[in-house]
Amino acid sequence: QSYPYERMQKIREQNICPTLRMYYKKPLLLHQGHMQWLFDYEGRRYLDLFAGIVTVSVGHCHPKVTMATQKQLACLWHTSNIYMHPSIQEYAEKLTSLLPDPLKVVYLTNSGSEANDLAMFMARLYTRNFDIISFRGAYHGGSPYTLGLTSIGLYKHGVANGFGCSTTMLPDVFRGPWGGSHCRDSPVQTVRKCSCSEGVCHANEQYIEQFKDTLNTCVPKTIAGFIAEPIQGVNGAVQYPRTFLKEAYQLVRERGGVCISDEVQTGFGRTGSHFWGFQTHDVVPDIVTFGKGIGNGFPLAAVVTTKEIASSLAQNLHFNTFGGSPLACVVGAAVLDAIEEDGLQKNSEDVGTYMLLELAKLQDKFEIVGDVRGKGLMIGVEMVTDKDSRHPLPAEEVSQIGEDCKDMGVLIGRGGLYSQTFRIKPPMCITKKDVDFAVEVFHTALQRHMERAA
């Protein structure tokens with residue numbers, strides 16, 4: 001029981017900051033969730049393919065996570081980190097055991113933006129350098145500090161931000177100037193032709209030259225670091241050539257910088273083949289940041305780094321009131337248990353690959369489906385006016401396709417520089433039967449679009 005829908009809308013208009021925009025012409029009013037499903041105020045059920053913006057990792061109201069949370073709520077909510085409590089030590093050990101040496105020191109925060117903010121701070125303190133490089137199209141947070149790394153115009157405000165941050169060309173093998181049919185680590189490749197010989201990726205070579213150009217023109221001889229998502233999230237599951245990050249990391253370290261992997265969306269088994277996205281690139285970062293799925297929707301995030309880098313922060317006081325609370329640590333530990341016990345990394349690989357291949361069939365049927373890409377349950381479907389030009393399908397047309405999917409019971413995210421890409425990143429408990437339903441709905445929505453266009 002709650003306020004009527006119309007009163008909810010009125011309160012929203014009067015009392016909620018207008019920058020907090022909602023999806024759909026008639027925004028959803030949700031009351032309940034269970035695993036991969038959401039239910040609105042009238043009891044309608046929706047298959048959630050966006051997971052609260054890639055945040056519900058193990059499922060809405062997962063029984064194990066819910067039970068652990070309820071038990072801790074009755075015991076101890078908050079002490080702040082001026083005291084020890086069992087769960088922070090237990091969780092720190094559990095989380096860092098999943099990371100390779102020397103990534104064994106954790107600082108717990110409340111959000112991914114806060115984690116990336118702290119990673120920037122650590123990189124600058126440790127290296128005694130200032131400049132940090134990120135990709136165009138990247139999203140690393142909305143705080144004044146991280147807005148310098150975020151390179152999507154919709155998130156930029158007309159105030160000073162980003163001092164000491166430089167962007168470099170995104171090695172996007174679909175929309176960028178170079179790319180071919182063997183570039184990326186995905187079951188589905190681009191439709192662009194590839195002239196590469198065995199073991200040689202011409203697109204990678206060209207993008208690395210652009211990265212070198214940034215190093216030679218935009219930043220000093222020594223830098224603080226380089227940050228990248230293993231697969232870009234907000235920009236629509238954009239993937240790079242297979243060896244790009246490995247070569248870029250080497251170039252950054254030659255300049256005295258540290259390498260930061262933003263795992264806010266790619267971590268915790270979502271890519272399927274590996275637990276962390278950086279592992280798919282055969283690299284070991286110096287700093288790793290986590291958020292979103294780490295707490296299955298609970299405000300929890302983390303920075304994990306080496307003892308040496310972490311020690312640079314200890315030269316003066318740095319404090320976080322809520323970071324690593326008893327409640328957050330118990331939730332985080334329960335999420336890790338659920339991933340392991342429910343086999344969700346393997347499920348991400350199996351179901352994600354199945355979904356990618358099913359969606360690729362729609363690419364063959366519809367001229368407006370320009371690219372299907374991703375790994376595991378981190379999937380992007382980029383919409384175009386036609387495959388030859390790769391011109392983005394107008395945002396209002398993409399939006400209407402999403403509306404049709406919603407009306408048929410499937411919720412899909414949006415992303416890309418032009419809001420042209422559907423972002424499919426469901427709770428990792430999704431099944432192949434759910435995929436069949438979702439693909440059928442998406443197919444119907446595309447058919448309706450073509451009928452409208454005709």
# chains A, B, ... in the order shown; residues from 1 in each chain; ligands from 1

$ residues_around --residues "stretch 38-42 of chain A" --least-positions-apart "3" --cutoff "9 Å" --atoms "only C-alpha atoms" --output "JSON, numbers by chain"
{"A": [1, 2, 5, 28, 29, 30, 31, 32, 33, 34, 35, 45, 46, 47, 48, 60]}

$ residues_around --residues "A:Gly402" --least-positions-apart "6" --cutoff "9 Å" --atoms "only C-alpha atoms" --output "number ranges by chain"
A: 24, 410-414, 422, 442, 445

$ closest_residue --among "A:Val159, A:Trp178, A:Thr243, A:Ala338" --to "A:Gly295" --atoms "only C-alpha atoms"
A:Ala338

$ closest_residue --among "A:Gln72, A:Thr150, A:Gln447, A:Thr431" --to "A:Thr167" --atoms "only C-alpha atoms"
A:Thr150

$ select_by_dssp --residues "stretch 94-146 of chain A" --states "helix (DSSP H, G or I)" --output "list in words"
Lys94, Leu95, Thr96, Gly112, Ser113, Glu114, Ala115, Asn116, Asp117, Leu118, Ala119, Met120, Phe121, Met122, Ala123, Arg124, Leu125, Tyr126, Thr127 and Thr146 of chain A

$ write_last_selection --atoms "all heavy atoms" --output "short mmCIF file (atom, residue, chain, number, x, y, z; two decimals), in the first residue's frame"
data_model
loop_
_atom_site.label_atom_id
_atom_site.label_comp_id
_atom_site.auth_asym_id
_atom_site.auth_seq_id
_atom_site.Cartn_x
_atom_site.Cartn_y
_atom_site.Cartn_z
N LYS A 94 38.35 -12.05 2.25
CA LYS A 94 37.59 -12.78 1.24
C LYS A 94 37.72 -12.12 -0.13
O LYS A 94 37.92 -12.79 -1.15
CB LYS A 94 36.12 -12.82 1.67
CG LYS A 94 35.29 -13.91 1.04
CD LYS A 94 33.97 -14.03 1.81
CE LYS A 94 33.36 -15.39 1.57
NZ LYS A 94 32.24 -15.66 2.49
N LEU A 95 37.59 -10.78 -0.17
CA LEU A 95 37.65 -10.06 -1.44
C LEU A 95 39.05 -10.11 -2.04
O LEU A 95 39.22 -10.42 -3.23
CB LEU A 95 37.22 -8.60 -1.23
CG LEU A 95 37.25 -7.70 -2.46
CD1 LEU A 95 36.30 -8.20 -3.54
CD2 LEU A 95 36.92 -6.26 -2.08
N THR A 96 40.06 -9.82 -1.25
CA THR A 96 41.42 -9.76 -1.79
C THR A 96 41.94 -11.15 -2.17
O THR A 96 42.84 -11.25 -3.01
CB THR A 96 42.38 -9.10 -0.79
OG1 THR A 96 42.34 -9.79 0.47
CG2 THR A 96 42.01 -7.64 -0.59
N GLY A 112 30.88 3.68 -6.71
CA GLY A 112 31.93 3.57 -7.71
C GLY A 112 32.59 4.90 -8.00
O GLY A 112 33.81 4.96 -8.21
N SER A 113 31.81 5.97 -8.05
CA SER A 113 32.39 7.30 -8.26
C SER A 113 33.38 7.63 -7.15
O SER A 113 34.48 8.15 -7.40
CB SER A 113 31.29 8.36 -8.29
OG SER A 113 30.47 8.23 -9.43
N GLU A 114 32.99 7.32 -5.93
CA GLU A 114 33.86 7.58 -4.78
C GLU A 114 35.13 6.73 -4.87
O GLU A 114 36.24 7.20 -4.55
CB GLU A 114 33.09 7.27 -3.50
CG GLU A 114 33.78 7.75 -2.23
CD GLU A 114 32.99 7.41 -0.98
OE1 GLU A 114 31.87 6.86 -1.10
OE2 GLU A 114 33.49 7.69 0.12
N ALA A 115 35.00 5.50 -5.33
CA ALA A 115 36.16 4.62 -5.47
C ALA A 115 37.11 5.16 -6.53
O ALA A 115 38.34 5.18 -6.34
CB ALA A 115 35.71 3.20 -5.82
N ASN A 116 36.58 5.59 -7.67
CA ASN A 116 37.44 6.13 -8.72
C ASN A 116 38.08 7.44 -8.30
O ASN A 116 39.23 7.73 -8.66
CB ASN A 116 36.63 6.32 -10.01
CG ASN A 116 36.40 5.01 -10.74
OD1 ASN A 116 37.19 4.08 -10.61
ND2 ASN A 116 35.32 4.92 -11.50
N ASP A 117 37.35 8.25 -7.56
CA ASP A 117 37.89 9.49 -7.02
C ASP A 117 39.12 9.19 -6.15
O ASP A 117 40.17 9.84 -6.27
CB ASP A 117 36.80 10.17 -6.19
CG ASP A 117 37.07 11.63 -5.90
OD1 ASP A 117 37.97 11.89 -5.09
OD2 ASP A 117 36.38 12.50 -6.48
N LEU A 118 38.98 8.18 -5.28
CA LEU A 118 40.07 7.79 -4.40
C LEU A 118 41.23 7.19 -5.18
O LEU A 118 42.40 7.43 -4.87
CB LEU A 118 39.56 6.80 -3.35
CG LEU A 118 40.58 6.30 -2.33
CD1 LEU A 118 41.21 7.45 -1.55
CD2 LEU A 118 39.93 5.31 -1.37
N ALA A 119 40.95 6.41 -6.22
CA ALA A 119 42.00 5.83 -7.04
C ALA A 119 42.83 6.92 -7.71
O ALA A 119 44.07 6.82 -7.80
CB ALA A 119 41.39 4.91 -8.09
N MET A 120 42.17 7.97 -8.21
CA MET A 120 42.89 9.10 -8.78
C MET A 120 43.82 9.74 -7.74
O MET A 120 44.98 10.06 -8.02
CB MET A 120 41.91 10.16 -9.28
CG MET A 120 41.04 9.75 -10.43
SD MET A 120 39.79 11.02 -10.81
CE MET A 120 40.80 12.31 -11.52
N PHE A 121 43.27 9.92 -6.55
CA PHE A 121 44.03 10.54 -5.46
C PHE A 121 45.25 9.70 -5.11
O PHE A 121 46.38 10.22 -4.97
CB PHE A 121 43.09 10.70 -4.26
CG PHE A 121 43.60 11.59 -3.17
CD1 PHE A 121 44.23 12.78 -3.46
CD2 PHE A 121 43.42 11.24 -1.84
CE1 PHE A 121 44.69 13.62 -2.44
CE2 PHE A 121 43.87 12.07 -0.82
CZ PHE A 121 44.50 13.25 -1.12
N MET A 122 45.06 8.39 -5.00
CA MET A 122 46.17 7.49 -4.69
C MET A 122 47.24 7.53 -5.78
O MET A 122 48.45 7.57 -5.49
CB MET A 122 45.65 6.05 -4.54
CG MET A 122 44.97 5.72 -3.24
SD MET A 122 44.49 3.97 -3.22
CE MET A 122 43.95 3.78 -1.52
N ALA A 123 46.81 7.49 -7.04
CA ALA A 123 47.76 7.51 -8.15
C ALA A 123 48.64 8.76 -8.10
O ALA A 123 49.85 8.71 -8.32
CB ALA A 123 47.01 7.43 -9.48
N ARG A 124 48.03 9.89 -7.81
CA ARG A 124 48.78 11.15 -7.76
C ARG A 124 49.70 11.22 -6.55
O ARG A 124 50.83 11.70 -6.64
CB ARG A 124 47.79 12.32 -7.78
CG ARG A 124 47.17 12.51 -9.15
CD ARG A 124 45.97 13.44 -9.16
NE ARG A 124 45.62 13.81 -10.53
CZ ARG A 124 44.48 14.36 -10.90
NH1 ARG A 124 43.55 14.61 -9.98
NH2 ARG A 124 44.25 14.66 -12.17
N LEU A 125 49.22 10.74 -5.41
CA LEU A 125 50.06 10.74 -4.22
C LEU A 125 51.27 9.82 -4.39
O LEU A 125 52.40 10.16 -4.03
CB LEU A 125 49.25 10.28 -3.00
CG LEU A 125 48.28 11.28 -2.39
CD1 LEU A 125 47.44 10.60 -1.32
CD2 LEU A 125 49.01 12.48 -1.80
N TYR A 126 51.02 8.64 -4.94
CA TYR A 126 52.09 7.63 -5.05
C TYR A 126 53.15 8.03 -6.06
O TYR A 126 54.35 7.91 -5.80
CB TYR A 126 51.47 6.28 -5.42
CG TYR A 126 52.49 5.19 -5.67
CD1 TYR A 126 53.23 4.66 -4.60
CD2 TYR A 126 52.72 4.71 -6.95
CE1 TYR A 126 54.18 3.67 -4.83
CE2 TYR A 126 53.67 3.72 -7.18
CZ TYR A 126 54.39 3.20 -6.12
OH TYR A 126 55.34 2.23 -6.34
N THR A 127 52.72 8.50 -7.22
CA THR A 127 53.68 8.81 -8.29
C THR A 127 54.28 10.20 -8.15
O THR A 127 55.31 10.49 -8.76
CB THR A 127 53.00 8.73 -9.67
OG1 THR A 127 51.97 9.73 -9.74
CG2 THR A 127 52.41 7.35 -9.91
N THR A 146 36.08 13.15 -10.66
CA THR A 146 36.01 12.11 -11.69
C THR A 146 35.39 12.61 -13.00
O THR A 146 35.55 11.96 -14.03
CB THR A 146 35.21 10.89 -11.20
OG1 THR A 146 33.90 11.32 -10.79
CG2 THR A 146 35.90 10.21 -10.04
#

$ residues_around --residues "A:Asn81" --least-positions-apart "3" --cutoff "12 Å" --atoms "only C-alpha atoms" --output "list in words"
His78, Met84, His85, Pro86, Ser87, Ile88, Gln89, Tyr107, Leu108, Thr109, His318, Phe319, Asn320, Thr321, Phe322, Gly323, Gly324, Ser325, Pro326 and Cys329 of chain A

$ select_by_dssp --residues "stretch 277-440 of chain A" --states "strand (DSSP E)" --output "JSON, numbers by chain"
{"A": [287, 288, 289, 290, 301, 302, 303, 304, 305, 369, 370, 371, 372, 373, 374, 375, 378, 379, 380, 381, 382, 383, 410, 411, 413, 414, 415, 421, 422, 423, 424]}

$ residues_around --residues "A:Ala224" --least-positions-apart "6" --cutoff "8 Å" --atoms "only C-alpha atoms" --output "ChimeraX atom specification"
/A:123-124,127-132,256-258

$ closest_residue --among "A:Ser134, A:Thr19, A:Thr79, A:Gln239" --to "A:His157" --atoms "only C-alpha atoms"
A:Thr19

$ residues_around --residues "stretch 360-376 of chain A" --least-positions-apart "4" --cutoff "6 Å" --atoms "only C-alpha atoms" --output "list in words"
Ser186, Val188, Ala237, Arg270, Thr271, Gly272, Ser348, Glu349, Gly352, Thr353, Gly380, Val381, Glu382, Met383, Val384, Thr385, Asp386 and Lys387 of chain A

$ residues_around --residues "A:Arg253" --least-positions-apart "5" --cutoff "10 Å" --atoms "only C-alpha atoms" --output "compact mmCIF listing (two decimals) with C-alpha atoms, in the first residue's frame"
# COMPACT_ATOMS: atom_id res chain seq x y z
CA THR A 222 55.86 11.66 -16.44
CA ILE A 223 52.23 10.97 -15.61
CA ALA A 224 50.18 9.76 -12.66
CA GLY A 225 48.25 7.08 -14.48
CA PHE A 226 45.78 5.70 -16.97
CA ALA A 248 48.93 0.62 -23.28
CA VAL A 258 50.07 3.50 -12.58
CA CYS A 259 47.33 1.54 -14.37
CA ASP A 286 48.18 -1.38 -10.04

$ closest_residue --among "A:Ile260, A:Leu417, A:Leu149, A:Met378" --to "A:Val284" --atoms "only C-alpha atoms"
A:Ile260

$ closest_residue --among "A:His281, A:Leu359, A:Arg242, A:Ile379" --to "A:Gly415" --atoms "only C-alpha atoms"
A:Ile379

$ atom_distance --atom1 "atom CA of A:Ala92" --atom2 "atom CA of A:Met428"
23.1 Å

$ residues_around --residues "A:Phe290" --least-positions-apart "5" --cutoff "8 Å" --atoms "only C-alpha atoms" --output "PyMOL selection string"
chain A and resi 112+115+262-265+267+301-303
